[in-house]
Amino acid sequence: MDTGAEAVCRKRGRGDLRVARVPELSRRETGPRGAARHTAANAALAFPSRSRAEAAAIETELLDEYRFGPQQLIEMRGYACAVAITKAFPLSSLSRKQPTVLAVCGPEQNGAVGLVCARHLRIFDYEPTIFYPKRSHCTLHQDFTVQCEKMDIPFLSYLPTEVQLINDAYNMVIDAILGPETDIKSVKEPYTGILTTLKQVKIPTASVDMPSGWDVEEARADGLQP
């Protein structure tokens, strides 16, 4: 089942989703008021305790009735996640000298949120690396990918299966793999292998939505444990 930007891609056609890129948000917007505002916006757009049908209905309402654009919603969520990470894991608290973070992005909307989050973390002086094993064909998501590439954010060609390599290279993992629209029983490679690897990491994990591998319908938390 597709929701949000993925559904809009299919409904309107890929070419119709090419809209003006949102300008980079300035550092002064990361103060307490800005953080609270954007974190609240993210909470309204992420549906960890709602069913897939409820999540789809809310997002459809935002798109159709409130006239938010798909890019606008994803940009808000990605920025809010980046701000939340700077509050929970400030640069001064990181265990490694280099402020490295690994963003693991899935093929649907959560993956796009992860791309935006990584871009803003780069602005906030973190050093993100992105693992994006199956890139979306949606033009909107391709735009987010190009923006990251233009900011010289590196993309991994593979995820090390030796967990200690991840622990040694990064301060934390950003989980932007699976969203609440995902049927957990239908998840296949490479994502089953990715989840198996990330379940074993010792560094912190921050999820941009419901942690990947959790089942929103059956209230099971068998996936990642941020």
# chains A, B, ... in the order shown; residues from 1 in each chain; ligands from 1

$ closest_atom_pairs --of "segment 128-154 of chain A" --to "segment 160-173 of chain A" --cutoff "12 Å" --atoms "only C-alpha atoms" --output "CSV"
residue,atom,partner,partner_atom,distance
A:Pro128,CA,A:Tyr170,CA,9.0
A:Thr129,CA,A:Tyr170,CA,9.1
A:Ile130,CA,A:Val173,CA,9.9
A:Phe131,CA,A:Val173,CA,10.4

$ select_by_dssp --residues "segment 78-219 of chain A" --states "alpha helix (DSSP H)" --output "PyMOL selection string"
chain A and resi 78-88+109-123+139-150+163-169+191-198

$ residues_around --residues "Tyr126 of chain A" --least-positions-apart "2" --cutoff "8 Å" --atoms "only C-alpha atoms" --output "ChimeraX atom specification"
/A:91,99-101,121-124,128

$ write_last_selection --atoms "all heavy atoms" --output "PDB file, in the first residue's frame"
ATOM      1  N   LEU A  91      26.484  17.895  18.848  1.00  0.00           N
ATOM      2  CA  LEU A  91      27.850  17.614  18.413  1.00  0.00           C
ATOM      3  C   LEU A  91      28.788  17.376  19.592  1.00  0.00           C
ATOM      4  O   LEU A  91      29.662  16.505  19.546  1.00  0.00           O
ATOM      5  CB  LEU A  91      28.362  18.775  17.556  1.00  0.00           C
ATOM      6  CG  LEU A  91      27.716  18.935  16.173  1.00  0.00           C
ATOM      7  CD1 LEU A  91      28.128  20.258  15.547  1.00  0.00           C
ATOM      8  CD2 LEU A  91      28.091  17.773  15.267  1.00  0.00           C
ATOM      9  N   PRO A  99      32.054  13.983  13.506  1.00  0.00           N
ATOM     10  CA  PRO A  99      30.609  13.852  13.779  1.00  0.00           C
ATOM     11  C   PRO A  99      29.878  13.049  12.698  1.00  0.00           C
ATOM     12  O   PRO A  99      28.927  13.518  12.072  1.00  0.00           O
ATOM     13  CB  PRO A  99      30.139  15.300  13.824  1.00  0.00           C
ATOM     14  CG  PRO A  99      31.060  16.013  12.890  1.00  0.00           C
ATOM     15  CD  PRO A  99      32.406  15.334  13.030  1.00  0.00           C
ATOM     16  N   THR A 100      30.309  11.821  12.489  1.00  0.00           N
ATOM     17  CA  THR A 100      29.775  10.996  11.408  1.00  0.00           C
ATOM     18  C   THR A 100      28.452  10.342  11.799  1.00  0.00           C
ATOM     19  O   THR A 100      28.279   9.866  12.923  1.00  0.00           O
ATOM     20  CB  THR A 100      30.780   9.900  11.038  1.00  0.00           C
ATOM     21  OG1 THR A 100      31.156   9.194  12.234  1.00  0.00           O
ATOM     22  CG2 THR A 100      32.028  10.498  10.406  1.00  0.00           C
ATOM     23  N   VAL A 101      27.526  10.316  10.852  1.00  0.00           N
ATOM     24  CA  VAL A 101      26.256   9.607  11.030  1.00  0.00           C
ATOM     25  C   VAL A 101      25.954   8.857   9.739  1.00  0.00           C
ATOM     26  O   VAL A 101      26.340   9.287   8.650  1.00  0.00           O
ATOM     27  CB  VAL A 101      25.094  10.563  11.375  1.00  0.00           C
ATOM     28  CG1 VAL A 101      25.338  11.257  12.698  1.00  0.00           C
ATOM     29  CG2 VAL A 101      24.879  11.591  10.279  1.00  0.00           C
ATOM     30  N   LEU A 121      21.331  17.806   8.338  1.00  0.00           N
ATOM     31  CA  LEU A 121      22.397  17.509   9.294  1.00  0.00           C
ATOM     32  C   LEU A 121      23.748  17.990   8.767  1.00  0.00           C
ATOM     33  O   LEU A 121      24.601  18.434   9.538  1.00  0.00           O
ATOM     34  CB  LEU A 121      22.444  16.006   9.589  1.00  0.00           C
ATOM     35  CG  LEU A 121      21.324  15.470  10.480  1.00  0.00           C
ATOM     36  CD1 LEU A 121      21.420  13.952  10.591  1.00  0.00           C
ATOM     37  CD2 LEU A 121      21.374  16.103  11.873  1.00  0.00           C
ATOM     38  N   ARG A 122      23.929  17.908   7.461  1.00  0.00           N
ATOM     39  CA  ARG A 122      25.171  18.423   6.869  1.00  0.00           C
ATOM     40  C   ARG A 122      25.283  19.932   7.107  1.00  0.00           C
ATOM     41  O   ARG A 122      26.369  20.447   7.399  1.00  0.00           O
ATOM     42  CB  ARG A 122      25.184  18.122   5.364  1.00  0.00           C
ATOM     43  CG  ARG A 122      26.469  18.569   4.665  1.00  0.00           C
ATOM     44  CD  ARG A 122      27.637  17.712   5.108  1.00  0.00           C
ATOM     45  NE  ARG A 122      28.889  18.174   4.537  1.00  0.00           N
ATOM     46  CZ  ARG A 122      29.670  19.104   5.082  1.00  0.00           C
ATOM     47  NH1 ARG A 122      29.317  19.683   6.222  1.00  0.00           N
ATOM     48  NH2 ARG A 122      30.789  19.449   4.506  1.00  0.00           N
ATOM     49  N   ILE A 123      24.177  20.645   7.000  1.00  0.00           N
ATOM     50  CA  ILE A 123      24.175  22.085   7.265  1.00  0.00           C
ATOM     51  C   ILE A 123      24.504  22.358   8.730  1.00  0.00           C
ATOM     52  O   ILE A 123      25.161  23.348   9.062  1.00  0.00           O
ATOM     53  CB  ILE A 123      22.803  22.688   6.902  1.00  0.00           C
ATOM     54  CG1 ILE A 123      22.539  22.528   5.407  1.00  0.00           C
ATOM     55  CG2 ILE A 123      22.719  24.164   7.295  1.00  0.00           C
ATOM     56  CD1 ILE A 123      21.126  22.875   4.995  1.00  0.00           C
ATOM     57  N   PHE A 124      24.067  21.449   9.619  1.00  0.00           N
ATOM     58  CA  PHE A 124      24.303  21.612  11.054  1.00  0.00           C
ATOM     59  C   PHE A 124      25.672  21.088  11.487  1.00  0.00           C
ATOM     60  O   PHE A 124      25.902  20.857  12.670  1.00  0.00           O
ATOM     61  CB  PHE A 124      23.206  20.890  11.846  1.00  0.00           C
ATOM     62  CG  PHE A 124      21.815  21.410  11.599  1.00  0.00           C
ATOM     63  CD1 PHE A 124      20.720  20.563  11.696  1.00  0.00           C
ATOM     64  CD2 PHE A 124      21.590  22.738  11.265  1.00  0.00           C
ATOM     65  CE1 PHE A 124      19.428  21.031  11.466  1.00  0.00           C
ATOM     66  CE2 PHE A 124      20.304  23.217  11.036  1.00  0.00           C
ATOM     67  CZ  PHE A 124      19.225  22.361  11.134  1.00  0.00           C
ATOM     68  N   PRO A 128      27.140  13.379   7.471  1.00  0.00           N
ATOM     69  CA  PRO A 128      26.318  12.219   7.117  1.00  0.00           C
ATOM     70  C   PRO A 128      26.880  11.441   5.930  1.00  0.00           C
ATOM     71  O   PRO A 128      27.512  12.004   5.031  1.00  0.00           O
ATOM     72  CB  PRO A 128      24.968  12.846   6.758  1.00  0.00           C
ATOM     73  CG  PRO A 128      25.324  14.212   6.257  1.00  0.00           C
ATOM     74  CD  PRO A 128      26.529  14.648   7.058  1.00  0.00           C
TER      75      PRO A 128
END

$ atom_distance --atom1 "atom CA of Pro107 of chain A" --atom2 "atom CA of Cys138 of chain A"
9.4 Å

$ residues_around --residues "Arg119 of chain A" --least-positions-apart "2" --cutoff "9 Å" --atoms "only C-alpha atoms" --output "ChimeraX atom specification"
/A:78-79,82,114-117,121-124,128,144,147-148,151,153

$ write_last_selection --atoms "C-alpha atoms" --output "CSV table (one decimal), in the first residue's frame"
chain,number,residue,atom,x,y,z
A,78,GLY,CA,13.2,15.7,7.2
A,79,TYR,CA,14.0,19.1,8.8
A,82,ALA,CA,17.4,16.7,11.8
A,114,GLY,CA,16.0,10.4,5.4
A,115,LEU,CA,17.6,12.1,2.5
A,116,VAL,CA,16.3,15.5,3.6
A,117,CYS,CA,17.3,14.8,7.2
A,121,LEU,CA,22.4,17.5,9.3
A,122,ARG,CA,25.2,18.4,6.9
A,123,ILE,CA,24.2,22.1,7.3
A,124,PHE,CA,24.3,21.6,11.1
A,128,PRO,CA,26.3,12.2,7.1
A,144,PHE,CA,16.3,15.0,-3.0
A,147,GLN,CA,20.5,17.8,-3.6
A,148,CYS,CA,22.5,15.5,-1.3
A,151,MET,CA,26.3,18.9,-1.1
A,153,ILE,CA,27.3,13.9,0.9

$ atom_distance --atom1 "atom CA of Ala55 of chain A" --atom2 "atom CA of Cys81 of chain A"
18.2 Å

$ closest_residue --among "A:Leu94, A:Met210, A:Val104, A:Val83" --to "Arg135 of chain A" --atoms "only C-alpha atoms"
A:Val104

$ closest_residue --among "A:Gln71, A:Phe155, A:Gly213, A:Pro204" --to "Asp183 of chain A" --atoms "only C-alpha atoms"
A:Gly213

$ select_by_dssp --residues "segment 18-225 of chain A" --states "strand (DSSP E)" --output "MDAnalysis selection string"
chainID A and resid 100:105 127:131 155:156 172:176 205:207

$ write_last_selection --atoms "N, CA and C atoms" --output "PDB file, in the first residue's frame"
ATOM      1  N   THR A 100      30.309  11.821  12.489  1.00  0.00           N
ATOM      2  CA  THR A 100      29.775  10.996  11.408  1.00  0.00           C
ATOM      3  C   THR A 100      28.452  10.342  11.799  1.00  0.00           C
ATOM      4  N   VAL A 101      27.526  10.316  10.852  1.00  0.00           N
ATOM      5  CA  VAL A 101      26.256   9.607  11.030  1.00  0.00           C
ATOM      6  C   VAL A 101      25.954   8.857   9.739  1.00  0.00           C
ATOM      7  N   LEU A 102      25.272   7.738   9.868  1.00  0.00           N
ATOM      8  CA  LEU A 102      24.909   6.922   8.709  1.00  0.00           C
ATOM      9  C   LEU A 102      23.400   6.932   8.550  1.00  0.00           C
ATOM     10  N   ALA A 103      22.912   7.452   7.431  1.00  0.00           N
ATOM     11  CA  ALA A 103      21.481   7.453   7.127  1.00  0.00           C
ATOM     12  C   ALA A 103      21.192   6.307   6.166  1.00  0.00           C
ATOM     13  N   VAL A 104      20.352   5.376   6.600  1.00  0.00           N
ATOM     14  CA  VAL A 104      19.982   4.230   5.771  1.00  0.00           C
ATOM     15  C   VAL A 104      18.571   4.479   5.256  1.00  0.00           C
ATOM     16  N   CYS A 105      18.431   4.609   3.942  1.00  0.00           N
ATOM     17  CA  CYS A 105      17.178   5.069   3.337  1.00  0.00           C
ATOM     18  C   CYS A 105      16.514   3.973   2.511  1.00  0.00           C
ATOM     19  N   GLU A 127      28.458  15.033   9.750  1.00  0.00           N
ATOM     20  CA  GLU A 127      29.039  14.458   8.541  1.00  0.00           C
ATOM     21  C   GLU A 127      28.259  13.199   8.160  1.00  0.00           C
ATOM     22  N   PRO A 128      27.140  13.379   7.471  1.00  0.00           N
ATOM     23  CA  PRO A 128      26.318  12.219   7.117  1.00  0.00           C
ATOM     24  C   PRO A 128      26.880  11.441   5.930  1.00  0.00           C
ATOM     25  N   THR A 129      26.647  10.157   5.964  1.00  0.00           N
ATOM     26  CA  THR A 129      26.849   9.269   4.824  1.00  0.00           C
ATOM     27  C   THR A 129      25.523   8.562   4.597  1.00  0.00           C
ATOM     28  N   ILE A 130      25.171   8.329   3.344  1.00  0.00           N
ATOM     29  CA  ILE A 130      23.872   7.747   3.014  1.00  0.00           C
ATOM     30  C   ILE A 130      24.056   6.374   2.377  1.00  0.00           C
ATOM     31  N   PHE A 131      23.267   5.422   2.847  1.00  0.00           N
ATOM     32  CA  PHE A 131      23.156   4.130   2.163  1.00  0.00           C
ATOM     33  C   PHE A 131      21.745   4.036   1.613  1.00  0.00           C
ATOM     34  N   PHE A 155      27.646   8.548  -0.720  1.00  0.00           N
ATOM     35  CA  PHE A 155      26.704   7.433  -0.753  1.00  0.00           C
ATOM     36  C   PHE A 155      27.497   6.131  -0.726  1.00  0.00           C
ATOM     37  N   LEU A 156      27.129   5.229   0.172  1.00  0.00           N
ATOM     38  CA  LEU A 156      27.773   3.922   0.224  1.00  0.00           C
ATOM     39  C   LEU A 156      27.237   3.027  -0.889  1.00  0.00           C
ATOM     40  N   MET A 172      26.154   7.289  15.028  1.00  0.00           N
ATOM     41  CA  MET A 172      24.770   6.846  15.119  1.00  0.00           C
ATOM     42  C   MET A 172      24.256   6.453  13.746  1.00  0.00           C
ATOM     43  N   VAL A 173      23.140   5.722  13.747  1.00  0.00           N
ATOM     44  CA  VAL A 173      22.454   5.324  12.518  1.00  0.00           C
ATOM     45  C   VAL A 173      21.099   6.019  12.475  1.00  0.00           C
ATOM     46  N   ILE A 174      20.758   6.579  11.319  1.00  0.00           N
ATOM     47  CA  ILE A 174      19.430   7.141  11.100  1.00  0.00           C
ATOM     48  C   ILE A 174      18.624   6.123  10.307  1.00  0.00           C
ATOM     49  N   ASP A 175      17.569   5.639  10.913  1.00  0.00           N
ATOM     50  CA  ASP A 175      16.711   4.623  10.307  1.00  0.00           C
ATOM     51  C   ASP A 175      15.616   5.310   9.497  1.00  0.00           C
ATOM     52  N   ALA A 176      15.771   5.298   8.175  1.00  0.00           N
ATOM     53  CA  ALA A 176      14.760   5.854   7.264  1.00  0.00           C
ATOM     54  C   ALA A 176      14.400   4.790   6.230  1.00  0.00           C
ATOM     55  N   THR A 205      20.520   4.433  17.451  1.00  0.00           N
ATOM     56  CA  THR A 205      19.716   4.477  16.231  1.00  0.00           C
ATOM     57  C   THR A 205      18.584   5.473  16.430  1.00  0.00           C
ATOM     58  N   ALA A 206      18.385   6.348  15.455  1.00  0.00           N
ATOM     59  CA  ALA A 206      17.278   7.308  15.483  1.00  0.00           C
ATOM     60  C   ALA A 206      16.390   7.042  14.278  1.00  0.00           C
ATOM     61  N   SER A 207      15.116   6.760  14.508  1.00  0.00           N
ATOM     62  CA  SER A 207      14.180   6.464  13.428  1.00  0.00           C
ATOM     63  C   SER A 207      13.399   7.716  13.056  1.00  0.00           C
TER      64      SER A 207
END

$ atom_distance --atom1 "atom CA of His141 of chain A" --atom2 "atom CA of Ser186 of chain A"
22.2 Å

$ closest_residue --among "A:Leu140, A:Lys188, A:Ala56, A:Leu159" --to "Gln72 of chain A" --atoms "only C-alpha atoms"
A:Leu140

$ closest_residue --among "A:Thr196, A:Asn110, A:Ser93, A:Gln98" --to "Asp209 of chain A" --atoms "only C-alpha atoms"
A:Asn110
